[in-house]
>>> print(open('final-v1.txt').read())   # compact mmCIF, C-alpha atoms
# COMPACT_ATOMS: atom_id res chain seq x y z
CA MET A 1 57.05 95.79 29.03
CA TRP A 2 54.90 98.61 30.35
CA ASN A 3 53.60 99.13 26.90
CA GLN A 4 52.25 95.61 26.84
CA TYR A 5 50.44 96.11 30.15
CA LEU A 6 48.88 99.30 28.91
CA GLN A 7 47.63 97.59 25.74
CA ILE A 8 45.94 94.83 27.73
CA ILE A 9 44.27 97.29 30.14
CA SER A 10 42.96 99.37 27.23
CA LYS A 11 41.41 96.35 25.52
CA VAL A 12 39.62 95.30 28.75
CA LEU A 13 38.22 98.79 29.29
CA PHE A 14 36.96 98.95 25.68
CA ALA A 15 35.12 95.61 25.96
CA THR A 16 33.52 96.66 29.26
CA ALA A 17 32.28 99.93 27.83
CA THR A 18 30.80 98.23 24.80
CA ALA A 19 28.84 95.77 26.95
CA LEU A 20 27.43 98.53 29.14
CA PHE A 21 26.28 100.44 26.03
CA PHE A 22 24.27 97.56 24.61
CA ALA A 23 22.72 96.73 27.97
CA THR A 24 21.54 100.34 28.43
CA PHE A 25 20.08 100.47 24.91
CA SER A 26 18.09 97.21 25.34
CA LEU A 27 16.60 98.35 28.67
CA SER A 28 15.38 101.61 27.27
CA PHE A 29 13.82 99.89 24.20
CA PHE A 30 11.65 97.45 26.12
CA LYS A 31 10.64 100.15 28.61
CA ASN A 32 9.16 102.33 25.88
CA GLN A 33 7.03 99.55 24.35
CA GLU A 34 3.27 99.80 25.18
CA PRO A 35 1.05 96.71 25.39
CA GLN A 36 -1.26 96.17 22.38
CA GLU A 37 -4.94 95.39 22.70
CA PHE A 38 -6.38 92.55 20.63
CA SER A 39 -9.98 93.00 19.62
CA GLU A 40 -12.10 90.01 18.53
CA ASN A 41 -13.82 90.52 15.17
CA LYS A 42 -17.32 89.29 15.88
CA LYS A 43 -19.47 88.28 12.85
CA GLU A 44 -23.11 87.30 12.85
CA VAL A 45 -23.67 83.63 11.91
CA ILE A 46 -26.64 82.99 9.64
CA LEU A 47 -28.02 79.43 9.64
CA PRO A 48 -29.09 77.87 6.30
CA LYS A 49 -32.72 78.17 5.43
CA ASN A 50 -34.84 75.11 6.31
CA SER A 51 -35.93 73.29 3.15
CA PHE A 52 -39.00 71.96 4.85
CA SER A 53 -40.57 75.27 5.70
CA LEU A 54 -44.12 74.24 4.94
CA SER A 55 -46.49 72.66 7.39
CA GLU A 56 -46.52 68.91 8.04
CA LYS A 57 -49.95 68.57 6.42
CA ALA A 58 -48.66 70.09 3.19
CA TYR A 59 -46.06 67.36 2.92
CA GLN A 60 -48.54 64.60 3.74
CA ASP A 61 -50.77 65.77 0.89
CA ILE A 62 -48.01 64.99 -1.62
CA GLY A 63 -48.86 61.23 -1.47
CA GLU A 64 -46.66 58.12 -1.93
CA PRO A 65 -43.01 58.66 -2.93
CA PHE A 66 -41.98 58.05 -6.52
CA LEU A 67 -38.91 55.94 -5.46
CA SER A 68 -38.35 53.83 -2.35
CA LEU A 69 -35.57 51.51 -0.97
CA ASN A 70 -36.24 47.95 0.03
CA PHE A 71 -33.63 45.87 2.00
CA VAL A 72 -32.86 42.43 0.57
CA ALA A 73 -30.41 40.11 2.38
CA PRO A 74 -27.51 38.79 0.23
CA LYS A 75 -28.48 35.52 -1.51
CA MET A 76 -26.20 32.52 -0.85
CA GLN A 77 -24.65 30.77 -3.83
CA LEU A 78 -23.02 27.40 -4.28
CA PRO A 79 -19.21 27.44 -4.11
CA ASP A 80 -17.29 26.40 -7.20
CA LEU A 81 -15.70 23.08 -6.17
CA ARG A 82 -14.98 21.78 -9.65
CA GLN A 83 -11.25 22.51 -9.36
CA LYS A 84 -10.98 21.60 -5.68
CA ILE A 85 -12.28 18.00 -5.66
CA THR A 86 -10.21 15.10 -7.04
CA TYR A 87 -11.87 11.80 -7.94
CA TYR A 88 -9.71 8.72 -7.29
CA GLY A 89 -12.06 6.14 -8.73
CA GLN A 90 -13.98 3.35 -7.08
CA ASN A 91 -13.13 0.22 -5.14
CA GLY A 92 -11.81 -2.05 -7.88
CA ARG A 93 -11.15 -5.15 -5.76
CA PRO A 94 -12.62 -8.26 -7.34
CA ASP A 95 -14.55 -8.98 -4.13
CA GLY A 96 -16.16 -5.51 -4.13
CA LYS A 97 -19.87 -5.89 -4.84
CA GLU A 98 -21.81 -3.39 -6.90
CA ASP A 99 -24.14 -2.49 -4.02
CA ASN A 100 -21.19 -1.85 -1.72
CA THR A 101 -18.92 0.09 -4.07
CA LEU A 102 -16.96 2.94 -2.53
CA LEU A 103 -15.93 6.09 -4.42
CA TYR A 104 -12.79 7.90 -3.26
CA PHE A 105 -12.08 11.65 -3.22
CA SER A 106 -9.60 14.21 -1.96
CA ILE A 107 -10.15 17.95 -1.66
CA GLY A 108 -7.96 21.01 -1.94
CA GLY A 109 -4.84 19.08 -2.94
CA SER A 110 -4.76 17.23 0.39
CA LYS A 111 -3.23 13.75 0.61
CA GLU A 112 -6.11 12.65 2.81
CA THR A 113 -8.89 10.74 1.08
CA ALA A 114 -12.51 10.07 1.95
CA SER A 115 -14.94 7.54 0.53
CA ILE A 116 -18.70 7.27 0.09
CA GLN A 117 -21.12 4.87 -1.47
CA PRO A 118 -22.96 6.11 -4.59
CA GLY A 119 -25.92 8.26 -3.59
CA LYS A 120 -24.67 8.84 -0.03
CA LYS A 121 -23.63 12.25 1.36
CA LEU A 122 -20.02 13.22 2.01
CA PHE A 123 -20.12 16.35 4.18
CA LEU A 124 -17.67 19.24 3.79
CA HIS A 125 -16.46 21.87 6.23
CA TYR A 126 -15.50 25.46 5.31
CA LEU A 127 -12.55 27.14 7.08
CA PRO A 128 -12.89 30.94 6.58
CA LEU A 129 -9.99 31.75 8.92
CA ASP A 130 -7.65 29.37 7.17
CA GLY A 131 -7.54 31.04 3.79
CA GLY A 132 -11.08 30.05 2.89
CA LYS A 133 -10.27 26.34 2.50
CA TYR A 134 -12.57 23.32 2.39
CA GLU A 135 -12.02 19.99 4.13
CA PHE A 136 -13.97 16.81 4.71
CA SER A 137 -16.06 16.95 7.84
CA PRO A 138 -14.34 14.88 10.59
CA GLY A 139 -16.16 11.60 10.98
CA ASN A 140 -18.47 12.75 8.16
CA MET A 141 -20.46 14.77 10.70
CA GLU A 142 -23.44 16.55 9.13
CA THR A 143 -22.90 20.13 7.90
CA SER A 144 -24.76 22.50 5.60
CA LEU A 145 -22.51 21.60 2.65
CA TRP A 146 -22.05 18.17 1.10
CA LEU A 147 -21.51 16.24 -2.11
CA GLU A 148 -23.14 13.16 -3.59
CA ALA A 149 -21.59 11.08 -6.36
CA SER A 150 -22.30 8.28 -8.79
CA HIS A 151 -19.78 6.59 -11.08
CA GLN A 152 -20.17 6.50 -14.85
CA GLY A 153 -17.32 4.58 -16.45
CA ASN A 154 -14.12 6.51 -15.78
CA GLU A 155 -15.98 9.56 -14.47
CA ALA A 156 -18.00 10.50 -11.40
CA GLU A 157 -21.09 12.70 -11.57
CA ILE A 158 -20.99 15.13 -8.65
CA LEU A 159 -24.03 16.78 -7.05
CA ILE A 160 -23.28 19.62 -4.60
CA GLY A 161 -25.85 20.24 -1.86
CA MET A 162 -26.05 23.27 0.45
CA LEU A 163 -28.55 24.87 2.86
CA ASP A 164 -28.87 28.63 3.48
CA GLU A 165 -29.39 30.36 6.84
CA ASN A 166 -33.07 29.41 6.71
CA ALA A 167 -32.29 25.72 5.96
CA ARG A 168 -33.53 26.11 2.40
CA PRO A 169 -31.66 24.33 -0.41
CA VAL A 170 -29.30 26.36 -2.60
CA GLU A 171 -28.98 25.26 -6.23
CA GLU A 172 -27.48 28.28 -7.99
CA PRO A 173 -25.41 28.79 -10.02
CA ARG A 174 -26.28 25.63 -11.89
CA GLN A 175 -22.75 24.99 -13.20
CA ASN A 176 -21.63 24.54 -9.59
CA PHE A 177 -24.61 22.35 -8.71
CA ARG A 178 -23.92 19.35 -11.00
CA PHE A 179 -20.71 18.47 -12.85
CA ASN A 180 -18.49 15.48 -13.82
CA LEU A 181 -14.98 14.64 -12.66
CA ALA A 182 -12.57 12.34 -14.51
CA GLU A 183 -10.92 9.55 -12.54
CA LYS A 184 -7.24 9.85 -11.63
CA GLU A 185 -5.83 6.31 -11.53
CA MET A 186 -2.40 7.19 -10.18
CA ALA A 187 -3.96 8.57 -7.03
CA ARG A 188 -4.67 5.00 -5.89
CA VAL A 189 -1.07 4.70 -4.73
CA SER A 190 -0.71 6.90 -1.68
CA PRO A 191 2.35 9.22 -1.74
CA SER A 192 2.62 8.81 2.03
CA GLY A 193 3.28 5.07 1.74
CA TRP A 194 1.32 1.91 2.34
CA GLU A 195 2.10 -1.03 4.57
CA ILE A 196 0.91 -4.60 5.07
CA ASP A 197 1.88 -5.47 8.62
CA LYS A 198 5.63 -4.77 8.72
CA TRP A 199 6.00 -4.75 4.93
CA LYS A 200 6.12 -1.44 3.06
CA VAL A 201 4.29 -1.86 -0.23
CA ASP A 202 6.31 -0.98 -3.32
CA GLY A 203 7.67 -2.74 -6.38
CA THR A 204 10.19 -4.71 -4.31
CA LEU A 205 7.65 -6.26 -1.93
CA LEU A 206 7.81 -9.80 -3.38
CA ALA A 207 11.60 -9.78 -3.46
CA ARG A 208 11.73 -8.74 0.22
CA GLN A 209 9.29 -11.51 1.08
CA LYS A 210 11.63 -14.00 -0.64
CA ALA A 211 9.03 -14.95 -3.24
CA ARG A 212 10.15 -17.45 -5.90
CA TRP A 213 7.93 -18.65 -8.74
CA MET A 214 8.95 -22.28 -9.17
CA GLY A 215 6.43 -23.50 -11.76
CA VAL A 216 4.43 -26.73 -11.60
CA ASP A 217 5.31 -29.03 -8.71
CA LYS A 218 6.21 -32.29 -10.47
CA PHE A 219 6.13 -34.23 -7.23
CA LEU A 220 2.54 -33.22 -6.35
CA GLU A 221 1.51 -33.69 -9.96
CA LYS A 222 2.42 -37.38 -9.76
CA HIS A 223 2.14 -38.23 -6.07
CA GLY A 224 -0.28 -35.65 -4.66
CA GLY A 225 -3.33 -37.87 -4.89
CA GLN A 226 -6.86 -36.66 -4.30
CA GLU A 227 -5.81 -34.31 -1.49
CA PHE A 228 -3.76 -32.16 -3.87
CA GLU A 229 -5.48 -32.79 -7.19
CA ASN A 230 -6.89 -29.22 -7.26
CA ILE A 231 -3.47 -27.61 -7.06
CA ALA A 232 -1.17 -30.23 -8.59
CA SER A 233 -1.22 -28.59 -12.03
CA LYS A 234 -0.92 -25.02 -10.71
CA ASN A 235 2.18 -22.87 -10.38
CA ARG A 236 3.90 -22.97 -7.03
CA ILE A 237 5.19 -19.78 -5.43
CA ASP A 238 7.49 -20.20 -2.42
CA PHE A 239 7.74 -17.48 0.23
CA GLY A 240 10.32 -17.17 2.99
CA GLU A 241 13.27 -19.46 3.56
CA LYS A 242 14.49 -22.27 5.79
CA GLU A 243 12.04 -22.98 8.63
CA ASP A 244 9.82 -20.04 7.60
CA VAL A 245 9.22 -21.25 4.03
CA TYR A 246 5.67 -21.81 2.81
CA SER A 247 4.05 -22.29 -0.61
CA VAL A 248 0.94 -21.19 -2.46
CA TYR A 249 -0.39 -22.65 -5.72
CA VAL A 250 -1.93 -20.33 -8.30
CA GLU A 251 -3.03 -19.96 -11.88
CA ASN A 252 -4.34 -17.04 -13.90
CA GLY A 253 -7.29 -15.41 -12.12
CA ASP A 254 -6.59 -16.89 -8.68
CA CYS A 255 -6.49 -14.70 -5.57
CA LEU A 256 -4.49 -14.70 -2.35
CA ILE A 257 -5.23 -12.91 0.93
CA TRP A 258 -2.73 -11.72 3.51
CA LYS A 259 -3.81 -13.34 6.77
CA GLU A 260 -1.88 -13.99 9.96
CA GLY A 261 1.44 -12.90 8.48
CA ARG A 262 1.41 -14.91 5.24
CA TRP A 263 -0.26 -15.22 1.85
CA ARG A 264 -3.01 -17.83 1.69
CA ASN A 265 -4.98 -19.44 -1.12
CA ILE A 266 -8.73 -18.80 -1.17
CA ASN A 267 -11.35 -20.75 -3.06
CA ASP A 268 -13.80 -17.91 -3.62
CA LEU A 269 -14.27 -14.19 -2.92
CA ASN A 270 -16.79 -13.29 -0.25
CA GLU A 271 -17.52 -10.90 2.59
CA ASP A 272 -14.79 -12.48 4.70
CA THR A 273 -12.02 -11.85 2.17
CA LYS A 274 -12.81 -8.12 2.12
CA ARG A 275 -11.20 -7.83 5.55
CA TYR A 276 -7.71 -8.64 4.21
CA PRO A 277 -5.24 -7.28 1.64
CA LEU A 278 -5.84 -9.08 -1.65
CA MET A 279 -3.41 -10.18 -4.38
CA VAL A 280 -4.80 -11.16 -7.79
CA ILE A 281 -2.93 -13.22 -10.40
CA LYS A 282 -3.52 -11.15 -13.55
CA LYS A 283 -1.44 -13.08 -16.09
CA VAL A 284 0.87 -16.09 -16.27
CA GLU A 285 3.25 -16.14 -19.21
CA GLU A 286 6.20 -18.40 -19.96
CA ARG A 287 8.67 -16.43 -17.85
CA LEU A 288 6.65 -13.59 -16.31
CA MET A 289 3.78 -13.55 -13.83
CA GLY A 290 1.80 -10.34 -13.35
CA LEU A 291 0.05 -9.67 -10.04
CA GLU A 292 -2.13 -6.88 -8.66
CA LEU A 293 -2.14 -6.03 -4.95
CA TRP A 294 -5.11 -4.24 -3.30
CA ASP A 295 -5.41 -2.73 0.16
CA VAL A 296 -8.36 -3.57 2.41
CA GLU A 297 -10.45 -0.55 1.44
CA GLY A 298 -9.81 -1.04 -2.26
CA LYS A 299 -8.60 2.53 -2.79
CA ARG A 300 -4.93 1.65 -3.37
CA LYS A 301 -3.40 -0.95 -5.65
CA MET A 302 0.08 -1.91 -6.77
CA ALA A 303 1.14 -3.79 -9.91
CA LEU A 304 3.79 -6.43 -9.18
CA ASN A 305 5.82 -8.76 -11.41
CA LEU A 306 7.48 -12.07 -10.64
CA LEU A 307 10.06 -13.81 -12.83
CA LYS A 308 10.11 -17.59 -13.03
CA SER A 309 13.06 -19.23 -11.29
CA MET A 310 15.28 -21.13 -13.69
CA GLU A 311 16.87 -24.12 -11.96
CA THR A 312 19.84 -26.15 -13.13
CA TRP A 313 20.23 -29.65 -11.75
CA VAL A 314 22.64 -32.52 -12.15
CA PRO A 315 20.95 -35.76 -10.98
CA ASN A 316 22.68 -37.83 -8.32
CA ASN A 317 24.42 -41.03 -9.34
CA ILE A 318 22.02 -43.44 -7.67
CA GLN A 319 23.87 -46.50 -8.97
CA GLU A 320 26.96 -45.58 -6.97
CA GLN A 321 25.07 -44.55 -3.87
CA PHE A 322 22.62 -47.46 -3.69
CA LYS A 323 24.26 -50.89 -3.65
CA PHE A 324 21.81 -53.73 -4.08
CA ILE A 325 22.35 -56.55 -1.62
CA GLY A 326 19.40 -58.83 -2.05
CA ALA A 327 15.71 -59.41 -1.78
CA ARG A 328 14.08 -60.34 1.49
CA THR A 329 10.67 -60.89 -0.13
CA LYS A 330 9.07 -60.17 -3.46
CA SER A 331 8.33 -56.62 -2.28
CA GLN A 332 11.23 -55.94 0.08
CA PHE A 333 14.79 -55.32 -1.04
CA VAL A 334 17.95 -54.67 0.88
CA PHE A 335 20.36 -51.95 -0.22
CA GLU A 336 23.51 -50.55 1.24
CA VAL A 337 23.01 -46.78 1.49
CA ASP A 338 25.63 -44.55 3.14
CA ASP A 339 27.39 -47.67 4.50
CA GLU A 340 24.19 -48.78 6.17
CA LYS A 341 21.74 -51.51 5.25
CA MET A 342 18.30 -50.17 4.35
CA LEU A 343 15.15 -52.13 3.57
CA LEU A 344 13.17 -50.61 0.69
CA SER A 345 9.75 -51.36 -0.72
CA PRO A 346 8.09 -49.94 -3.84
CA GLN A 347 6.87 -46.33 -3.36
CA ASP A 348 9.28 -45.63 -0.52
CA TRP A 349 10.52 -42.03 -0.47
CA LEU A 350 14.13 -41.12 0.29
CA VAL A 351 15.42 -37.53 0.66
CA LEU A 352 19.05 -36.48 0.37
CA THR A 353 19.83 -34.16 3.31
CA GLU A 354 23.02 -32.81 4.79
CA ASN A 355 23.27 -36.02 6.80
CA GLY A 356 22.80 -38.27 3.79
CA TRP A 357 19.81 -40.21 2.49
CA ILE A 358 16.93 -40.64 4.88
CA LYS A 359 13.72 -42.61 4.32
CA LEU A 360 10.50 -40.81 5.12
CA THR A 361 8.56 -43.17 7.33
CA THR A 362 6.42 -41.18 9.75
CA ALA A 363 3.41 -39.02 8.85
CA GLN A 364 5.19 -35.96 10.24
CA GLU A 365 8.25 -36.53 8.05
CA ILE A 366 6.06 -36.89 4.97
CA ASP A 367 4.05 -33.75 5.85
CA ASP A 368 7.25 -31.78 6.37
CA PHE A 369 8.50 -32.76 2.94
CA VAL A 370 5.18 -32.00 1.23
CA SER A 371 4.99 -28.58 2.93
CA ARG A 372 8.66 -27.95 2.05
CA LYS A 373 9.90 -27.85 5.60
CA VAL A 374 12.33 -30.54 4.45
CA ILE A 375 14.03 -29.79 1.13
CA GLY A 376 16.35 -31.99 -0.86
CA THR A 377 16.66 -34.37 -3.81
CA LEU A 378 13.89 -36.98 -3.63
CA PHE A 379 14.20 -40.57 -4.80
CA VAL A 380 10.97 -42.54 -5.16
CA PHE A 381 11.82 -46.23 -5.28
CA ASN A 382 9.53 -48.18 -7.60
CA GLY A 383 11.09 -51.57 -7.08
CA ILE A 384 13.26 -54.06 -8.94
CA GLU A 385 12.08 -55.78 -12.06
CA ARG A 386 13.50 -58.37 -14.41
CA LYS A 387 14.26 -57.10 -17.87
CA GLU A 388 15.99 -59.27 -20.48
CA ASP A 389 17.46 -61.58 -17.86
CA GLN A 390 18.73 -58.58 -15.94
CA GLN A 391 17.68 -57.13 -12.58
CA VAL A 392 16.61 -53.50 -13.08
CA MET A 393 16.10 -50.95 -10.32
CA LYS A 394 13.41 -48.43 -11.26
CA GLY A 395 12.45 -45.14 -9.68
CA ILE A 396 12.04 -41.38 -10.10
CA LEU A 397 14.39 -38.60 -9.04
CA TYR A 398 13.11 -35.07 -8.23
CA ASN A 399 15.32 -32.02 -7.91
CA PRO A 400 15.22 -30.08 -4.59
CA GLY A 401 12.77 -27.57 -6.10
CA ARG A 402 10.51 -30.45 -7.24
CA THR A 403 10.13 -28.77 -10.62
CA ILE A 404 12.27 -31.30 -12.54
CA SER A 405 11.84 -35.06 -12.51
CA GLN A 406 13.77 -37.87 -14.13
CA ASP A 407 12.82 -41.50 -14.51
CA ILE A 408 15.70 -43.81 -13.74
CA GLU A 409 16.19 -47.44 -14.72
CA LEU A 410 19.49 -48.92 -13.58
CA MET A 411 20.83 -52.36 -14.23
CA VAL A 412 21.82 -54.14 -11.05
CA GLN A 413 25.48 -55.14 -11.29
CA LYS A 414 26.28 -58.81 -11.66
CA ASP A 415 29.06 -58.93 -9.14
CA GLY A 416 27.87 -61.68 -6.86
CA LEU A 417 25.63 -59.30 -4.89
CA VAL A 418 22.63 -59.80 -7.15
CA TYR A 419 20.14 -62.43 -6.05
CA HIS A 420 16.79 -63.05 -7.63
CA SER A 421 13.88 -62.63 -5.33
CA THR A 422 12.82 -66.19 -6.19
CA ASP A 423 16.13 -67.56 -5.01
CA LYS A 424 15.13 -67.52 -1.34
CA GLU A 425 17.87 -69.83 -0.10
CA ARG A 426 20.69 -67.85 -1.64
CA SER A 427 19.21 -64.52 -0.53
CA ARG A 428 18.68 -65.76 3.00
CA SER A 429 22.16 -67.21 3.30
CA TYR A 430 23.74 -64.00 2.02
CA LEU A 431 21.76 -61.78 4.35
CA GLU A 432 22.64 -63.94 7.29
CA LYS A 433 26.32 -63.44 6.53
CA TYR A 434 25.88 -59.64 6.33
CA GLU A 435 26.74 -58.30 9.75
CA LYS A 436 25.19 -54.84 9.65
CA PRO A 437 21.58 -54.49 10.88
CA ILE A 438 18.92 -53.58 8.36
CA ARG A 439 17.28 -50.15 8.70
CA SER A 440 13.67 -50.38 7.67
>>> encode(input="final-v1.txt", output="structure tokens")
Amino acid sequence: MWNQYLQIISKVLFATATALFFATFSLSFFKNQEPQEFSENKKEVILPKNSFSLSEKAYQDIGEPFLSLNFVAPKMQLPDLRQKITYYGQNGRPDGKEDNTLLYFSIGGSKETASIQPGKKLFLHYLPLDGGKYEFSPGNMETSLWLEASHQGNEAEILIGMLDENARPVEEPRQNFRFNLAEKEMARVSPSGWEIDKWKVDGTLLARQKARWMGVDKFLEKHGGQEFENIASKNRIDFGEKEDVYSVYVENGDCLIWKEGRWRNINDLNEDTKRYPLMVIKKVEERLMGLELWDVEGKRKMALNLLKSMETWVPNNIQEQFKFIGARTKSQFVFEVDDEKMLLSPQDWLVLTENGWIKLTTAQEIDDFVSRKVIGTLFVFNGIERKEDQQVMKGILYNPGRTISQDIELMVQKDGLVYHSTDKERSRSYLEKYEKPIRS
């Protein structure tokens, strides 16, 4: 055990002695070091020799310089807009006059369009902080850059105008000053959509407006008279349904305008029609009608098609529904219709409704039927005639669409209810026995 203590004490003494040795050596080393003096090496600086060592007069005697610099401001040039401008064509509406034609353009791939008359200025605006883009000047306010255009067939000749900082015209380079652009027809239909009132314009417009091409109105053709003689032979198109139904009458080349929420016939194109959307009848074939729809400005159009409605109709059995009772006079006949006596005269009109046959007697009832507010099978009673010792009831039946008519000629049954109009006594006595009142 003592040996261990002695070993530890010896190791401590050895470490202490070693530390003291190195400390003494370091102190003596730094003490013997003398400070060093740093001397600055000073050199004489010699300036370069002046090239202009002669007198000022000597240099003036040399004369004018052989070369000299003259400042010229950068010359402005026309921008190249040939690939930036798109020509959409001109106002193609039939009511667009030559002296009021509008030409339509877009710029820089924008969906926005602008229009000008031939020879007028369409001003442009340059946006240097927006990637160096061009746009049409808002409200066509005057700027130092513009274009003028004139149409030549399917092209537009473009003239670019610009003023420099001194308000002088710039016309170089010449290839950017005057050039032609081909018309792009498809641009007439705006990708952003087009609406007429609440109706979005696309290929389904007529279907959504409940349009039905019915053909020639047989009823107006025969019974329209002078009031409807101009449209009696035209094709009828019905729009809407039930109480909202209305009709227009057209043929190839006719035009309709959209006014007050419905399509209306117009007799001629004028300044007034240019305020409304316009639909032109382009062709009328056996089963297909082609139409062309224009917006008010004439920059957008839509081709539309309408198929002819094909109606099937089984005529009513008038002989079973109309029972002849007798003749009151030579021009008045009594029938039993729907279990009710009815007095009929030649050219009376009867319509089959949900409540049975009704006779149109008032002006309002007749107008409602003509304007298709009332729809149903029509029977026009032409009277009773004698044919080969037989009483014959004659008339015309029209289908509810009024596109099909059928002449009828029915023999009055000889069952004791038939009385000749000349047999006044027998007719009078029979009618007196009949208890039901007569509806005139």
>>> closest_atom_pairs(input="final-v1.txt", of="stretch 125-221 of chain A", to="stretch 237-251 of chain A", cutoff="12 Å", atoms="only C-alpha atoms", output="tab-separated table")
residue	atom	partner	partner_atom	distance
A:Leu205	CA	A:Phe239	CA	11.4
A:Leu206	CA	A:Phe239	CA	8.5
A:Ala207	CA	A:Phe239	CA	9.4
A:Arg208	CA	A:Gly240	CA	9.0
A:Gln209	CA	A:Gly240	CA	6.1
A:Lys210	CA	A:Gly240	CA	5.0
A:Ala211	CA	A:Phe239	CA	4.5
A:Arg212	CA	A:Asp238	CA	5.2
A:Trp213	CA	A:Ile237	CA	4.4
A:Met214	CA	A:Ile237	CA	5.9
A:Gly215	CA	A:Ile237	CA	7.4
A:Val216	CA	A:Tyr249	CA	8.6
A:Asp217	CA	A:Tyr249	CA	9.1
A:Leu220	CA	A:Tyr249	CA	11.0
A:Glu221	CA	A:Tyr249	CA	12.0
>>> closest_residue(input="final-v1.txt", among="A:Met76, A:Ala149, A:Ile325, A:Met289", to="A:Ala167", atoms="only C-alpha atoms")
A:Met76
>>> closest_residue(input="final-v1.txt", among="A:Gln391, A:Pro94, A:Val337, A:Ala363", to="A:Asp254", atoms="only C-alpha atoms")
A:Pro94
>>> closest_residue(input="final-v1.txt", among="A:Gly225, A:Asp61, A:Arg93, A:Val374", to="A:Leu269", atoms="only C-alpha atoms")
A:Arg93
>>> atom_distance(input="final-v1.txt", atom1="atom CA of A:Ala156", atom2="atom CA of A:Arg178")
10.7 Å
>>> closest_residue(input="final-v1.txt", among="A:Glu112, A:Glu157, A:Asp202, A:Glu229", to="A:Leu181", atoms="all atoms listed in the file")
A:Glu157
>>> closest_residue(input="final-v1.txt", among="A:Trp258, A:Ile266, A:Leu20, A:Leu78", to="A:Ile231", atoms="only C-alpha atoms")
A:Ile266
>>> atom_distance(input="final-v1.txt", atom1="atom CA of A:Ile404", atom2="atom CA of A:Asp339")
28.1 Å
>>> residues_near_point(input="final-v1.txt", point="(-31.3, 24.0, 5.5)", cutoff="12 Å", atoms="only C-alpha atoms", output="short mmCIF file (atom, residue, chain, number, x, y, z; two decimals) with C-alpha atoms, in the frame of the given file")
data_model
loop_
_atom_site.label_atom_id
_atom_site.label_comp_id
_atom_site.auth_asym_id
_atom_site.auth_seq_id
_atom_site.Cartn_x
_atom_site.Cartn_y
_atom_site.Cartn_z
CA MET A 76 -26.20 32.52 -0.85
CA GLU A 142 -23.44 16.55 9.13
CA THR A 143 -22.90 20.13 7.90
CA SER A 144 -24.76 22.50 5.60
CA LEU A 145 -22.51 21.60 2.65
CA TRP A 146 -22.05 18.17 1.10
CA GLY A 161 -25.85 20.24 -1.86
CA MET A 162 -26.05 23.27 0.45
CA LEU A 163 -28.55 24.87 2.86
CA ASP A 164 -28.87 28.63 3.48
CA GLU A 165 -29.39 30.36 6.84
CA ASN A 166 -33.07 29.41 6.71
CA ALA A 167 -32.29 25.72 5.96
CA ARG A 168 -33.53 26.11 2.40
CA PRO A 169 -31.66 24.33 -0.41
CA VAL A 170 -29.30 26.36 -2.60
#
>>> residues_near_point(input="final-v1.txt", point="(21.7, -40.3, -6.4)", cutoff="9 Å", atoms="all atoms listed in the file", output="PyMOL selection string")
chain A and resi 315-322+352+377-379+397
>>> closest_residue(input="final-v1.txt", among="A:Phe66, A:Met302, A:Gly139, A:Glu56", to="A:Thr204", atoms="only C-alpha atoms")
A:Met302
>>> atom_distance(input="final-v1.txt", atom1="atom CA of A:Lys341", atom2="atom CA of A:Ser405")
26.2 Å
>>> residues_around(input="final-v1.txt", residues="A:Trp194", least_positions_apart="3", cutoff="12 Å", atoms="only C-alpha atoms", output="list in words")
Arg188, Val189, Ser190, Pro191, Asp197, Lys198, Trp199, Lys200, Val201, Asp202, Gly203, Leu205, Pro277, Leu293, Trp294, Asp295, Val296, Lys299, Arg300, Lys301 and Met302 of chain A
>>> residues_around(input="final-v1.txt", residues="A:Leu102", least_positions_apart="6", cutoff="9 Å", atoms="only C-alpha atoms", output="list in words")
Gly89, Gln90, Asn91, Gly92, Gly96, Ser115, Ile116, Gln117, Pro118, Glu297, Gly298 and Lys299 of chain A
>>> residues_around(input="final-v1.txt", residues="stretch 134-136 of chain A", least_positions_apart="4", cutoff="9 Å", atoms="only C-alpha atoms", output="count of residues only")
16
